[in-house]
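Text of coords_19.cif, listed as mmCIF, C-alpha atoms:
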```
data_upload
loop_
_atom_site.label_atom_id
_atom_site.label_comp_id
_atom_site.auth_asym_id
_atom_site.auth_seq_id
_atom_site.Cartn_x
_atom_site.Cartn_y
_atom_site.Cartn_z
CA MET A 1400 53.99 -64.88 -22.80
CA ARG A 1401 52.19 -61.53 -22.63
CA LEU A 1402 53.23 -59.37 -19.70
CA PRO A 1403 50.51 -57.60 -17.63
CA VAL A 1404 49.86 -53.95 -18.36
CA ILE A 1405 50.67 -51.78 -15.35
CA ILE A 1406 48.62 -48.58 -15.07
CA PRO A 1407 50.27 -45.83 -12.96
CA LEU A 1408 48.31 -44.85 -9.85
CA CYS A 1409 45.76 -42.10 -10.58
CA ALA A 1410 46.80 -41.92 -14.22
CA LEU A 1411 43.36 -42.73 -15.57
CA THR A 1412 40.50 -41.03 -13.74
CA VAL A 1413 38.06 -43.09 -15.81
CA LEU A 1414 39.28 -46.19 -13.99
CA ILE A 1415 39.77 -44.82 -10.48
CA SER A 1416 38.44 -41.91 -8.44
CA CYS A 1417 41.55 -40.43 -6.88
CA SER A 1418 42.19 -37.55 -9.26
CA LYS A 1419 44.81 -35.03 -8.25
CA GLN A 1420 43.59 -32.28 -5.97
CA ASP A 1421 43.29 -28.82 -7.51
CA GLU A 1422 45.71 -26.17 -6.31
CA HIS A 1423 43.09 -24.28 -4.29
CA PHE A 1424 41.31 -27.37 -2.91
CA GLY A 1425 39.99 -26.56 0.58
CA GLN A 1426 40.74 -22.83 0.45
CA THR A 1427 37.92 -21.21 2.42
CA GLU A 1428 36.78 -17.65 3.11
CA ILE A 1429 33.91 -16.08 5.04
CA THR A 1430 32.17 -13.84 2.52
CA ARG A 1431 31.79 -10.15 3.31
CA TRP A 1432 27.98 -10.31 3.13
CA LYS A 1433 25.48 -13.13 3.34
CA ASP A 1434 25.30 -15.21 0.14
CA ASN A 1435 28.33 -13.23 -1.08
CA LYS A 1436 26.08 -10.41 -2.29
CA PRO A 1437 27.77 -7.11 -3.15
CA ALA A 1438 25.89 -4.95 -0.64
CA ALA A 1439 23.71 -4.89 2.47
CA ILE A 1440 20.74 -2.71 3.36
CA SER A 1441 18.69 -2.26 6.54
CA ILE A 1442 15.34 -0.49 6.66
CA THR A 1443 14.80 1.12 10.06
CA TYR A 1444 12.08 3.22 11.69
CA ASP A 1445 12.05 5.48 14.75
CA ASP A 1446 9.39 6.34 17.35
CA ALA A 1447 6.69 3.63 16.81
CA SER A 1448 4.09 5.95 15.27
CA ILE A 1449 1.05 3.95 14.23
CA ASN A 1450 1.30 4.13 10.43
CA GLN A 1451 4.70 2.50 10.46
CA PHE A 1452 2.77 -0.64 11.38
CA ARG A 1453 -0.52 0.02 9.61
CA GLN A 1454 0.96 1.13 6.28
CA ALA A 1455 4.71 0.47 5.85
CA LEU A 1456 5.06 -2.89 7.57
CA PRO A 1457 2.34 -4.59 5.45
CA ILE A 1458 4.10 -3.36 2.30
CA MET A 1459 7.34 -4.91 3.54
CA ASP A 1460 5.61 -8.16 4.42
CA THR A 1461 4.09 -8.39 0.95
CA LEU A 1462 7.58 -8.01 -0.55
CA GLY A 1463 9.25 -10.32 1.96
CA LEU A 1464 11.45 -7.59 3.46
CA LYS A 1465 12.25 -7.34 7.18
CA GLY A 1466 12.75 -4.09 9.07
CA THR A 1467 14.03 -2.77 12.38
CA PHE A 1468 11.73 -0.65 14.53
CA PHE A 1469 13.32 1.49 17.25
CA ILE A 1470 10.40 2.10 19.57
CA ASN A 1471 9.58 4.41 22.45
CA THR A 1472 7.80 2.23 24.97
CA ALA A 1473 5.97 4.81 27.13
CA ASP A 1474 2.97 5.17 24.82
CA ILE A 1475 2.43 1.46 24.19
CA PRO A 1476 -0.55 0.30 26.27
CA GLY A 1477 0.44 -2.09 29.02
CA SER A 1478 4.03 -0.87 29.38
CA GLN A 1479 5.37 -1.19 32.91
CA PHE A 1480 7.70 1.80 32.94
CA ALA A 1481 6.28 5.31 32.51
CA PRO A 1482 8.36 8.47 32.05
CA LYS A 1483 9.31 10.01 35.36
CA PHE A 1484 11.75 12.49 36.84
CA THR A 1485 14.24 10.96 39.25
CA GLY A 1486 15.72 13.49 41.64
CA ARG A 1487 14.91 16.30 44.06
CA PRO A 1488 11.36 17.68 44.31
CA LEU A 1489 10.48 19.86 41.30
CA GLU A 1490 9.32 22.63 43.60
CA GLU A 1491 12.76 22.77 45.21
CA ILE A 1492 14.53 23.00 41.85
CA ILE A 1493 12.17 25.73 40.63
CA LYS A 1494 12.72 27.77 43.78
CA GLU A 1495 16.48 27.47 43.49
CA THR A 1496 16.48 28.95 39.98
CA ALA A 1497 15.35 32.29 41.43
CA THR A 1498 18.75 32.82 43.07
CA SER A 1499 21.17 31.02 40.73
CA ILE A 1500 21.44 31.00 36.97
CA THR A 1501 21.84 27.83 34.92
CA ASN A 1502 25.44 26.77 34.31
CA ALA A 1503 27.50 23.72 33.46
CA GLN A 1504 27.19 22.40 37.03
CA ASN A 1505 23.39 22.39 37.23
CA LEU A 1506 22.28 22.17 33.58
CA PHE A 1507 21.71 18.41 33.53
CA GLU A 1508 19.48 18.36 36.61
CA ARG A 1509 17.43 21.36 35.44
CA ALA A 1510 17.10 20.14 31.85
CA SER A 1511 16.05 16.69 33.13
CA ALA A 1512 13.33 18.21 35.33
CA LEU A 1513 12.19 20.68 32.67
CA ARG A 1514 10.37 18.03 30.63
CA PHE A 1515 8.05 17.33 33.57
CA LEU A 1516 7.13 20.91 34.53
CA ASN A 1517 3.52 21.99 34.21
CA ILE A 1518 4.33 24.85 31.82
CA GLU A 1519 3.58 25.52 28.18
CA ASN A 1520 5.83 23.69 25.67
CA ALA A 1521 7.97 22.03 28.34
CA ILE A 1522 9.07 19.23 26.00
CA GLY A 1523 9.86 21.57 23.12
CA THR A 1524 11.91 23.80 25.39
CA HIS A 1525 13.83 20.82 26.75
CA ASN A 1526 14.52 19.68 23.19
CA GLN A 1527 15.69 23.16 22.19
CA ALA A 1528 18.08 23.35 25.15
CA GLY A 1529 19.45 19.92 24.27
CA ALA A 1530 19.92 20.77 20.60
CA LEU A 1531 21.86 23.95 21.46
CA TYR A 1532 24.04 22.06 23.92
CA GLU A 1533 24.89 19.45 21.30
CA GLN A 1534 25.70 22.23 18.83
CA ASN A 1535 28.36 23.40 21.29
CA LYS A 1536 26.33 26.46 22.27
CA PRO A 1537 26.17 26.00 26.05
CA GLU A 1538 25.46 29.63 26.94
CA GLU A 1539 22.44 29.68 24.63
CA SER A 1540 21.29 26.40 26.12
CA PHE A 1541 21.57 27.83 29.64
CA LYS A 1542 19.43 30.82 28.65
CA VAL A 1543 16.66 28.61 27.23
CA VAL A 1544 16.54 26.73 30.53
CA ASP A 1545 16.57 29.94 32.58
CA ASP A 1546 13.70 31.41 30.55
CA ALA A 1547 11.65 28.23 31.06
CA TYR A 1548 12.14 28.30 34.82
CA ALA A 1549 11.25 32.00 34.92
CA LEU A 1550 7.86 30.99 33.50
CA ALA A 1551 7.61 28.16 36.02
CA ARG A 1552 8.18 30.50 38.93
CA LYS A 1553 5.26 32.63 37.77
CA LYS A 1554 2.82 29.77 37.27
CA LYS A 1555 0.81 28.18 40.03
CA ASN A 1556 1.22 24.40 40.20
CA ALA A 1557 4.19 24.43 37.81
CA SER A 1558 5.78 21.78 40.02
CA THR A 1559 2.91 19.35 39.44
CA GLU A 1560 4.69 16.63 37.47
CA ILE A 1561 3.33 16.26 33.93
CA ARG A 1562 3.96 13.13 31.88
CA PRO A 1563 5.81 13.87 28.62
CA VAL A 1564 3.78 12.77 25.60
CA LEU A 1565 5.39 11.86 22.28
CA LEU A 1566 2.63 10.11 20.34
CA GLN A 1567 -1.13 10.55 20.04
CA PRO A 1568 -3.57 7.61 19.81
CA PRO A 1569 -4.17 5.22 18.24
CA PHE A 1570 -1.17 3.28 19.55
CA ILE A 1571 0.36 -0.01 18.50
CA THR A 1572 -0.04 -2.78 21.12
CA TRP A 1573 2.38 -5.28 22.61
CA PRO A 1574 0.48 -8.32 21.25
CA GLU A 1575 0.77 -6.86 17.75
CA ILE A 1576 4.47 -6.13 18.22
CA LYS A 1577 5.05 -9.70 19.41
CA ALA A 1578 3.42 -11.01 16.24
CA PHE A 1579 5.57 -8.74 14.07
CA ALA A 1580 8.72 -9.89 15.89
CA ALA A 1581 7.73 -13.53 15.42
CA ASN A 1582 7.51 -12.80 11.69
CA GLY A 1583 11.15 -11.69 11.56
CA HIS A 1584 11.02 -7.94 12.17
CA GLU A 1585 13.46 -6.57 14.73
CA PHE A 1586 12.50 -4.30 17.62
CA GLY A 1587 15.00 -2.19 19.52
CA SER A 1588 15.16 0.61 22.05
CA HIS A 1589 14.52 4.28 21.32
CA THR A 1590 14.26 5.07 25.06
CA ILE A 1591 11.07 5.30 27.07
CA SER A 1592 9.97 8.80 26.09
CA HIS A 1593 12.38 10.32 23.52
CA PRO A 1594 14.34 12.89 25.58
CA ARG A 1595 17.44 14.82 24.65
CA LEU A 1596 19.79 12.45 26.43
CA ALA A 1597 22.77 14.80 26.15
CA VAL A 1598 21.24 17.14 28.76
CA LEU A 1599 19.96 14.52 31.18
CA ASP A 1600 21.77 13.80 34.40
CA GLU A 1601 23.07 10.30 35.03
CA ASN A 1602 20.07 8.95 36.94
CA ASN A 1603 17.49 10.15 34.43
CA MET A 1604 19.54 9.08 31.43
CA LEU A 1605 20.00 5.58 32.82
CA TYR A 1606 16.31 5.34 33.68
CA GLU A 1607 15.39 6.08 30.06
CA LEU A 1608 17.97 3.64 28.68
CA GLU A 1609 17.80 0.79 31.16
CA LYS A 1610 14.06 0.71 31.76
CA CYS A 1611 13.30 0.75 28.04
CA LYS A 1612 15.65 -2.21 27.66
CA GLU A 1613 13.97 -3.97 30.59
CA GLU A 1614 10.54 -3.36 29.05
CA LEU A 1615 11.68 -4.87 25.76
CA LEU A 1616 13.19 -7.85 27.55
CA ASN A 1617 10.02 -8.51 29.52
CA GLN A 1618 7.69 -8.05 26.57
CA LEU A 1619 9.69 -9.55 23.68
CA GLY A 1620 12.73 -11.40 25.02
CA PRO A 1621 16.51 -10.91 24.81
CA GLU A 1622 16.66 -10.61 21.01
CA SER A 1623 15.01 -7.19 21.29
CA THR A 1624 17.63 -5.82 23.69
CA PHE A 1625 20.49 -5.96 21.17
CA SER A 1626 19.94 -2.88 18.98
CA ALA A 1627 19.12 0.68 20.01
CA GLU A 1628 18.95 4.21 18.65
CA CYS A 1629 19.28 7.16 21.01
CA PRO A 1630 16.79 9.90 20.03
CA PHE A 1631 17.61 12.71 17.60
CA GLY A 1632 20.52 10.72 16.21
CA THR A 1633 22.75 12.01 18.98
CA GLU A 1634 26.45 11.25 18.90
CA ASN A 1635 27.19 13.05 22.15
CA GLU A 1636 30.23 11.31 23.63
CA ARG A 1637 28.87 11.18 27.17
CA VAL A 1638 25.62 9.61 25.96
CA MET A 1639 27.48 7.10 23.80
CA ASP A 1640 29.60 6.02 26.77
CA TYR A 1641 26.48 5.21 28.77
CA ALA A 1642 24.39 3.76 25.94
CA LEU A 1643 27.06 1.40 24.66
CA LYS A 1644 27.23 -0.17 28.12
CA VAL A 1645 23.48 -0.84 27.97
CA HIS A 1646 23.12 -2.07 24.36
CA PRO A 1647 25.60 -4.02 22.21
CA ALA A 1648 24.73 -2.07 19.04
CA LEU A 1649 23.71 1.54 18.48
CA ARG A 1650 22.65 3.00 15.18
CA ASN A 1651 24.13 6.25 16.52
CA ARG A 1652 27.60 4.87 17.01
CA MET A 1653 29.39 1.60 16.38
CA PRO A 1654 33.04 2.07 17.37
CA GLU A 1655 34.37 -0.83 15.33
CA PRO A 1656 37.96 -0.69 14.05
CA PHE A 1657 36.81 -2.17 10.73
CA LEU A 1658 33.91 0.25 10.08
CA VAL A 1659 33.60 3.75 8.60
CA GLU A 1660 30.40 5.45 9.81
CA LEU A 1661 28.65 8.07 7.69
CA ASN A 1662 25.62 9.29 9.64
CA ARG A 1663 22.38 10.46 8.09
CA PHE A 1664 23.30 14.14 8.47
CA THR A 1665 26.54 13.92 6.52
CA SER A 1666 27.13 15.02 2.93
CA HIS A 1667 30.03 12.58 2.52
CA THR A 1668 29.55 9.57 0.26
CA PRO A 1669 30.91 6.00 0.37
CA GLY A 1670 33.20 6.61 -2.59
CA GLU A 1671 35.35 8.90 -0.46
CA TYR A 1672 36.14 6.03 1.93
CA LYS A 1673 35.94 2.92 -0.25
CA LYS A 1674 39.45 1.66 0.54
CA GLN A 1675 39.89 2.86 4.10
CA LYS A 1676 38.25 0.02 6.02
CA GLU A 1677 36.56 -3.33 5.50
CA TYR A 1678 33.03 -1.91 5.83
CA ILE A 1679 31.21 1.41 5.39
CA GLN A 1680 27.91 2.10 7.13
CA TRP A 1681 26.11 4.79 5.13
CA GLN A 1682 22.98 6.17 6.73
CA ARG A 1683 20.29 8.04 4.84
CA GLY A 1684 17.19 9.54 6.47
CA PRO A 1685 14.59 10.24 3.78
CA LEU A 1686 12.52 13.33 4.64
CA LYS A 1687 9.42 14.81 3.02
CA ARG A 1688 11.47 16.66 0.41
CA HIS A 1689 13.32 13.56 -0.80
CA THR A 1690 11.74 12.06 -3.91
CA VAL A 1691 11.51 8.36 -4.72
CA GLU A 1692 14.07 8.86 -7.46
CA GLU A 1693 16.50 10.39 -4.99
CA MET A 1694 15.95 7.49 -2.61
CA LYS A 1695 16.56 5.05 -5.45
CA SER A 1696 19.89 6.77 -6.06
CA TYR A 1697 21.03 5.64 -2.60
CA VAL A 1698 20.62 2.05 -3.76
CA ASP A 1699 22.37 2.73 -7.07
CA THR A 1700 25.31 4.28 -5.20
CA LEU A 1701 25.40 1.33 -2.81
CA LEU A 1702 25.74 -1.12 -5.68
CA ARG A 1703 28.85 0.59 -7.08
CA TYR A 1704 30.91 -0.85 -4.25
CA ASP A 1705 31.20 -4.15 -2.40
CA ASN A 1706 31.66 -3.04 1.21
CA VAL A 1707 28.78 -0.61 1.85
CA TRP A 1708 25.89 -1.12 4.26
CA LEU A 1709 23.04 1.29 3.57
CA VAL A 1710 20.99 2.02 6.71
CA LEU A 1711 17.72 3.83 5.98
CA THR A 1712 15.96 5.80 8.72
CA PHE A 1713 12.23 6.50 8.34
CA HIS A 1714 9.91 8.33 10.73
CA GLY A 1715 6.34 9.44 10.01
CA ILE A 1716 4.00 8.01 7.39
CA ASP A 1717 0.75 9.34 5.93
CA GLY A 1718 0.60 12.45 8.07
CA VAL A 1719 1.42 10.74 11.38
CA GLY A 1720 4.84 11.34 12.92
CA TRP A 1721 7.84 13.51 12.14
CA GLU A 1722 8.58 14.27 8.47
CA ALA A 1723 5.76 11.99 7.38
CA LYS A 1724 6.00 10.58 3.86
CA PRO A 1725 3.10 8.99 1.95
CA HIS A 1726 2.99 5.20 2.03
CA GLN A 1727 2.83 5.16 -1.79
CA GLU A 1728 6.44 6.34 -1.82
CA HIS A 1729 7.43 3.54 0.51
CA LYS A 1730 5.75 1.03 -1.78
CA ALA A 1731 7.53 2.33 -4.87
CA TYR A 1732 10.88 2.48 -3.10
CA PHE A 1733 10.68 -0.91 -1.42
CA SER A 1734 9.61 -2.46 -4.73
CA TYR A 1735 12.76 -1.02 -6.30
CA ILE A 1736 14.86 -2.55 -3.52
CA LYS A 1737 13.12 -5.89 -4.06
CA GLN A 1738 14.00 -5.77 -7.77
CA LYS A 1739 17.68 -5.53 -6.81
CA GLU A 1740 17.53 -8.32 -4.23
CA ASP A 1741 19.85 -10.55 -6.26
CA LYS A 1742 22.58 -8.03 -5.40
CA LEU A 1743 21.27 -6.75 -2.07
CA TRP A 1744 21.25 -8.50 1.27
CA VAL A 1745 18.20 -6.92 2.94
CA ALA A 1746 18.30 -7.66 6.66
CA THR A 1747 17.61 -6.11 10.03
CA PHE A 1748 20.09 -3.78 11.71
CA GLY A 1749 20.90 -6.37 14.34
CA GLU A 1750 21.43 -9.22 11.87
CA VAL A 1751 23.87 -7.24 9.73
CA THR A 1752 25.75 -6.04 12.80
CA LYS A 1753 26.10 -9.57 14.13
CA TYR A 1754 27.23 -10.92 10.77
CA MET A 1755 29.97 -8.31 10.42
CA ARG A 1756 31.25 -8.81 13.95
CA GLU A 1757 31.18 -12.59 13.67
CA ARG A 1758 33.07 -12.47 10.39
CA MET A 1759 35.70 -10.05 11.64
CA SER A 1760 36.33 -12.08 14.81
CA GLY A 1761 35.93 -15.45 13.13
CA SER A 1762 38.21 -18.05 11.62
CA ALA A 1763 37.76 -21.11 9.45
CA LYS A 1764 40.35 -23.81 10.13
CA VAL A 1765 40.57 -26.28 7.26
CA GLU A 1766 41.72 -29.89 7.21
CA LYS A 1767 42.10 -31.43 3.75
CA LEU A 1768 41.83 -35.15 3.14
CA LYS A 1769 41.96 -37.04 -0.15
CA ASP A 1770 38.29 -36.56 -0.97
CA LYS A 1771 36.91 -34.56 1.93
CA ILE A 1772 37.28 -31.09 3.41
CA SER A 1773 36.71 -30.55 7.13
CA ILE A 1774 36.24 -27.03 8.51
CA ASN A 1775 35.94 -25.72 12.05
CA LEU A 1776 34.22 -22.33 11.98
CA THR A 1777 34.56 -20.30 15.18
CA HIS A 1778 34.37 -16.76 16.50
CA THR A 1779 35.46 -15.22 19.79
CA LEU A 1780 32.21 -13.41 20.66
CA ASP A 1781 29.46 -14.31 23.14
CA LYS A 1782 28.00 -17.50 21.67
CA ASN A 1783 24.57 -16.88 23.16
CA GLN A 1784 24.24 -13.46 21.58
CA TYR A 1785 26.11 -13.90 18.30
CA ASN A 1786 24.49 -16.81 16.50
CA VAL A 1787 23.87 -15.61 12.93
CA PRO A 1788 24.92 -18.17 10.27
CA LEU A 1789 27.86 -17.09 8.11
CA THR A 1790 28.32 -17.70 4.40
CA LEU A 1791 31.42 -19.69 3.50
CA LYS A 1792 33.03 -20.11 0.11
CA THR A 1793 35.19 -23.21 -0.23
CA TYR A 1794 37.13 -24.29 -3.31
CA VAL A 1795 36.82 -27.92 -4.36
CA ASN A 1796 38.17 -30.03 -7.22
CA SER A 1797 37.25 -28.89 -10.71
CA ASP A 1798 35.66 -32.23 -11.55
CA TRP A 1799 33.07 -31.88 -8.77
CA LYS A 1800 29.68 -31.02 -10.23
CA LYS A 1801 27.81 -31.11 -6.92
CA ALA A 1802 28.94 -31.07 -3.31
CA GLN A 1803 27.43 -32.32 -0.09
CA VAL A 1804 27.86 -29.99 2.90
CA LYS A 1805 27.19 -31.49 6.32
CA GLN A 1806 27.20 -29.78 9.71
CA GLY A 1807 25.77 -31.79 12.56
CA ALA A 1808 22.36 -33.16 11.58
CA GLU A 1809 22.03 -30.75 8.64
CA THR A 1810 23.07 -31.89 5.18
CA VAL A 1811 22.72 -29.85 2.00
CA THR A 1812 23.54 -30.88 -1.55
CA THR A 1813 24.39 -27.96 -3.81
CA PRO A 1814 25.80 -27.50 -7.33
CA THR A 1815 29.31 -26.13 -7.58
CA LEU A 1816 30.14 -22.76 -9.11
CA ALA A 1817 33.25 -21.37 -10.76
CA ASP A 1818 35.18 -18.11 -10.81
CA SER A 1819 38.62 -17.03 -12.05
CA VAL A 1820 40.29 -18.94 -9.20
CA GLY A 1821 38.54 -22.26 -9.58
CA THR A 1822 35.53 -24.39 -8.69
CA PHE A 1823 33.83 -23.67 -5.39
CA VAL A 1824 30.79 -24.30 -3.27
CA MET A 1825 28.99 -21.63 -1.23
CA TYR A 1826 26.94 -22.47 1.86
CA GLN A 1827 25.65 -21.31 5.24
CA ALA A 1828 27.29 -22.53 8.45
CA ARG A 1829 26.81 -22.01 12.18
CA PRO A 1830 29.86 -20.62 13.98
CA ASN A 1831 31.02 -22.57 17.02
CA GLY A 1832 28.92 -25.51 15.89
CA GLU A 1833 29.87 -28.98 14.72
CA THR A 1834 32.65 -29.56 12.19
CA ILE A 1835 31.63 -28.84 8.59
CA GLU A 1836 32.33 -31.68 6.16
CA ILE A 1837 32.33 -31.22 2.38
CA THR A 1838 32.44 -34.15 -0.03
CA THR A 1839 31.53 -34.67 -3.65
CA ALA A 1840 27.91 -35.56 -4.35
CA ASP A 1841 28.46 -36.73 -7.92
#
```
Using the file provided, produce a representation of the structure as structure tokens.
Amino acid sequence: MRLPVIIPLCALTVLISCSKQDEHFGQTEITRWKDNKPAAISITYDDASINQFRQALPIMDTLGLKGTFFINTADIPGSQFAPKFTGRPLEEIIKETATSITNAQNLFERASALRFLNIENAIGTHNQAGALYEQNKPEESFKVVDDAYALARKKKNASTEIRPVLLQPPFITWPEIKAFAANGHEFGSHTISHPRLAVLDENNMLYELEKCKEELLNQLGPESTFSAECPFGTENERVMDYALKVHPALRNRMPEPFLVELNRFTSHTPGEYKKQKEYIQWQRGPLKRHTVEEMKSYVDTLLRYDNVWLVLTFHGIDGVGWEAKPHQEHKAYFSYIKQKEDKLWVATFGEVTKYMRERMSGSAKVEKLKDKISINLTHTLDKNQYNVPLTLKTYVNSDWKKAQVKQGAETVTTPTLADSVGTFVMYQARPNGETIEITTAD
């Protein structure tokens, strides 16, 4: 009598489908950048001068790139909040300067009022006083203010409040901006009228910050109240204290424990800090003198590392705005960025900021079953504000050729990949959403 052949459990995978799990099965990480790309880049603009929208934005749209526009709202037709001086009557302040010199106690009030005086070059003088103050030259700043008020005391009607003007027509319109935002471009605050915030008193500083934010909220919605840039790239500590209470993210300052910040005025490079923290934000502000080749070198430097976020800051274009560069240079440069898109995550300032913060405060809790991986992806931030999908990399069994990733009603089938550790699948997932389930799709 022939005895039956007994096959050990799981010995022959050709007969049954319960092959032994690989060593790293279920191991999951949130990748540093979206799609696990080596670098991130954000293209930003300041001031809302017209050719940013007439020349640069169409180039970006043609290439499929999205930008962040930090806009001054005062010169956009239909804006609710105009520049204004909040405080004592200008005539009273002017009169007082005849008997008391400017000092640390009265500088902020006088510098705030100065922008609105009916005297020659009031805005330029205000800006000069602010620049000197930020350069730690208070006595020189005081003198600039005193000289301006000496002129005011000599001029009839100097106390007639004049509206500060930053831009000249033509202006971009709110309906156009709404269409650009709907197409994926980000809009953020650059204050109402571009003052030197470091020499404004509290009431006037908050008016510029809070009313610009309110204008953006009313015109565009809450998404446009996230990011901001205080004018002139200021990093004045007093201004940062106020501004960071108004906006969650400033291009000027992001006091994150995981981030090295290299502002656009620095000569330091990412290589000097590559191992210090998880991320490096490296700002570059191309000016007229910077060639396309030099701008391309920023991208080449960026790609030497895996933790650098290049933040570009543009201003004028085609003769309109500060340090205006020809749009042909933008086209050549953005085309170069597009060529490197397989290695570059090009996204708005707000999107990159949210991704980094979500990742650094997030966790992926994994439950491994015989043939399924379940993951709960969460972060500890405000769920209404931080809702950018994160990229996850999960290792599966080496015999999986394709995997099915399901989260809620969304199901994606994707081929597996391999690295030196093992076979994995990479996918997008919503934090604080439904449980993620990964199974073989073979």
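Nearest to Pro1574 (chain A) of all the residues A:Gly1477, A:Thr1665, A:Glu1495, A:Leu1649 is A:Gly1477, based on only C-alpha atoms.
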Selection dump of the PyMOL selection byres ((chain A and resi 1523) around 12), as a VMD selection string: chain A and resid 1510 1513 to 1516 1518 to 1522 1524 to 1530 1543 to 1544 1547 1563 to 1565 1593 to 1595
Residues selected by the PyMOL selection byres ((chain A and resi 1823) around 10), written as a VMD selection string: chain A and resid 1423 to 1427 1792 to 1797 1799 to 1802 1814 to 1818 1820 to 1822 1824 to 1825
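Interatomic distance, CA of Ala1512 (chain A) against CA of Ala1627 (chain A): 24.0 Å.
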Could you give me the centre and size, in Å to one decimal, of an axis-aligned box around all listed atoms of region 1424-1440 of chain A with 3 Å added on every side, as AutoDock Vina command-line options?
```
--center_x 31.0 --center_y -15.0 --center_z 0.9 --size_x 26.6 --size_y 30.7 --size_z 14.2
```
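One distance worth recording is that between CA of Ser1696 (chain A) and CA of Pro1457 (chain A), which is 23.9 Å.
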Result set of the PyMOL selection byres ((chain A and resi 1832) around 10) on the coordinates above, as a list of chain:residue names: A:Asn1775, A:Leu1776, A:Thr1777, A:Lys1782, A:Asn1786, A:Gln1806, A:Gly1807, A:Ala1828, A:Arg1829, A:Pro1830, A:Asn1831, A:Glu1833, A:Thr1834, A:Ile1835
Contact residues around Arg1431 (chain A) with only C-alpha atoms at 10 Å, ignoring same-chain residues under 3 positions, as a PyMOL selection string: chain A and resi 1428+1434-1439+1677-1678+1705-1706+1754-1755+1758-1759+1789-1791
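Across the structure, CA of Ile1591 (chain A) and CA of Met1653 (chain A) are spaced 21.5 Å apart.
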